[in-house]
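The file target-v8.pdb contains PDB, C-alpha atoms:
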MODEL        1
ATOM      1  CA  MET H  21     -27.287  -4.149   6.243
ATOM      2  CA  ARG H  22     -25.118  -1.206   5.084
ATOM      3  CA  LYS H  23     -22.176  -1.091   2.705
ATOM      4  CA  MET H  24     -19.015   0.379   4.201
ATOM      5  CA  GLN H  25     -15.713   1.245   2.589
ATOM      6  CA  VAL H  26     -12.686   0.093   4.593
ATOM      7  CA  MET H  27      -9.065   1.154   4.069
ATOM      8  CA  VAL H  28      -6.114  -0.970   5.176
ATOM      9  CA  ILE H  29      -2.434  -0.083   5.128
ATOM     10  CA  LYS H  30       0.234  -2.513   3.996
ATOM     11  CA  TYR H  31       3.948  -1.993   3.645
ATOM     12  CA  GLY H  32       6.117  -3.390   0.876
ATOM     13  CA  TYR H  33       9.849  -3.853   1.247
ATOM     14  CA  ALA H  34      12.452  -4.323  -1.472
ATOM     15  CA  ILE H  35      16.227  -4.614  -1.339
ATOM     16  CA  LEU H  36      17.930  -2.583  -4.059
ATOM     17  CA  GLU H  37      21.583  -2.079  -4.936
ATOM     18  CA  VAL H  38      21.920   1.657  -5.506
ATOM     19  CA  ASP H  39      24.345   4.525  -4.950
ATOM     20  CA  SER H  40      21.927   7.001  -3.340
ATOM     21  CA  GLU H  41      18.545   7.386  -1.665
ATOM     22  CA  GLU H  42      17.327   9.357  -4.679
ATOM     23  CA  GLU H  43      18.169   6.448  -6.978
ATOM     24  CA  ALA H  44      16.401   3.998  -4.660
ATOM     25  CA  LEU H  45      13.241   6.117  -4.543
ATOM     26  CA  GLY H  46      13.312   6.637  -8.303
ATOM     27  CA  ARG H  47      13.604   2.923  -9.003
ATOM     28  CA  THR H  48      10.605   2.059  -6.829
ATOM     29  CA  LYS H  49       8.318   4.145  -9.054
ATOM     30  CA  ASN H  50       8.669   1.571 -11.850
ATOM     31  CA  MET H  51       8.400  -1.531  -9.669
ATOM     32  CA  LYS H  52       5.374  -3.836  -9.698
ATOM     33  CA  ASP H  53       3.590  -5.157  -6.606
ATOM     34  CA  CYS H  54       5.227  -8.552  -7.099
ATOM     35  CA  ASP H  55       8.689  -6.928  -6.745
ATOM     36  CA  PHE H  56       8.015  -6.243  -3.054
ATOM     37  CA  ASP H  57       7.878  -8.424   0.045
ATOM     38  CA  TRP H  58       4.560  -7.399   1.572
ATOM     39  CA  SER H  59       3.826  -7.227   5.277
ATOM     40  CA  ASP H  60       0.467  -8.193   6.705
ATOM     41  CA  PHE H  61      -2.005  -5.332   6.544
ATOM     42  CA  ASP H  62      -2.586  -3.274   9.638
ATOM     43  CA  ASP H  63      -4.559  -0.288  10.899
ATOM     44  CA  ALA H  64      -7.875  -1.038   9.202
ATOM     45  CA  GLN H  65     -10.335   1.829   9.432
ATOM     46  CA  VAL H  66     -13.751   2.643   8.037
ATOM     47  CA  VAL H  67     -13.476   5.590   5.654
ATOM     48  CA  ASP H  68     -17.119   5.772   4.623
ATOM     49  CA  ASN H  69     -19.874   4.189   6.682
ATOM     50  CA  ASP H  70     -22.724   4.821   4.250
ATOM     51  CA  VAL H  71     -21.706   3.828   0.715
ATOM     52  CA  TYR H  72     -24.227   3.871  -2.147
ATOM     53  CA  TYR H  73     -23.417   2.337  -5.523
TER      54      TYR H  73
ENDMDL
END
Write the structure described by the file as structure tokens, please.
Amino acid sequence: MRKMQVMVIKYGYAILEVDSEEEALGRTKNMKDCDFDWSDFDDAQVVDNDVYY
């Protein structure tokens, strides 16, 4: 049996009260995972099919 590394993509959404897109993007840099409503993951793909640790 081989070890494989798999990557999944998930999207987090947050509603912010801001005056501009720049402010919204800047505020997300300091947010924690728990500040977002997360979608179900999608688009799983194998990124390395022969992993050695």
Practice item. Determine the residue membership of the PyMOL selection byres ((chain H and resi 71) around 10) for the file above and supply it as a ChimeraX atom specification. Key: /H:22-25,67-70,72-73
Include C-alpha atoms and write out the residues we just selected as a PDB file, in the coordinates of the input.
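Output file selection28.pdb follows:
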ATOM      1  CA  ARG H  22     -25.118  -1.206   5.084  1.00  0.00           C
ATOM      2  CA  LYS H  23     -22.176  -1.091   2.705  1.00  0.00           C
ATOM      3  CA  MET H  24     -19.015   0.379   4.201  1.00  0.00           C
ATOM      4  CA  GLN H  25     -15.713   1.245   2.589  1.00  0.00           C
ATOM      5  CA  VAL H  67     -13.476   5.590   5.654  1.00  0.00           C
ATOM      6  CA  ASP H  68     -17.119   5.772   4.623  1.00  0.00           C
ATOM      7  CA  ASN H  69     -19.874   4.189   6.682  1.00  0.00           C
ATOM      8  CA  ASP H  70     -22.724   4.821   4.250  1.00  0.00           C
ATOM      9  CA  TYR H  72     -24.227   3.871  -2.147  1.00  0.00           C
ATOM     10  CA  TYR H  73     -23.417   2.337  -5.523  1.00  0.00           C
TER      11      TYR H  73
END
Practice item. Just give me the gap between atom CA of Val26 of chain H and atom CA of Trp58 of chain H in Å, one decimal is fine. Key: 19.0 Å
Practice item. Tell me, as an MDAnalysis selection string, which residues lie within 6 Å of segment 28-38 of chain H, counting all atoms listed in the file; anything in the same chain fewer than 4 positions away does not count. Key: chainID H and resid 56:59 61:64
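Between atom CA of Met27 of chain H and atom CA of Leu45 of chain H the separation is 24.4 Å.
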Review point. Atom CA of Lys49 of chain H to atom CA of Gln65 of chain H: how many Å, to one decimal?
Key: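 It comes out at 26.4 Å.
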Which centre and which edge lengths, in Å to one decimal, describe the axis-aligned box that holds all listed atoms of segment 42-49 of chain H after 8 Å is added on each side, as lines of an AutoDock Vina configuration file?
center_x = 13.2
center_y = 5.7
center_z = -6.8
size_x = 25.9
size_y = 23.3
size_z = 20.5
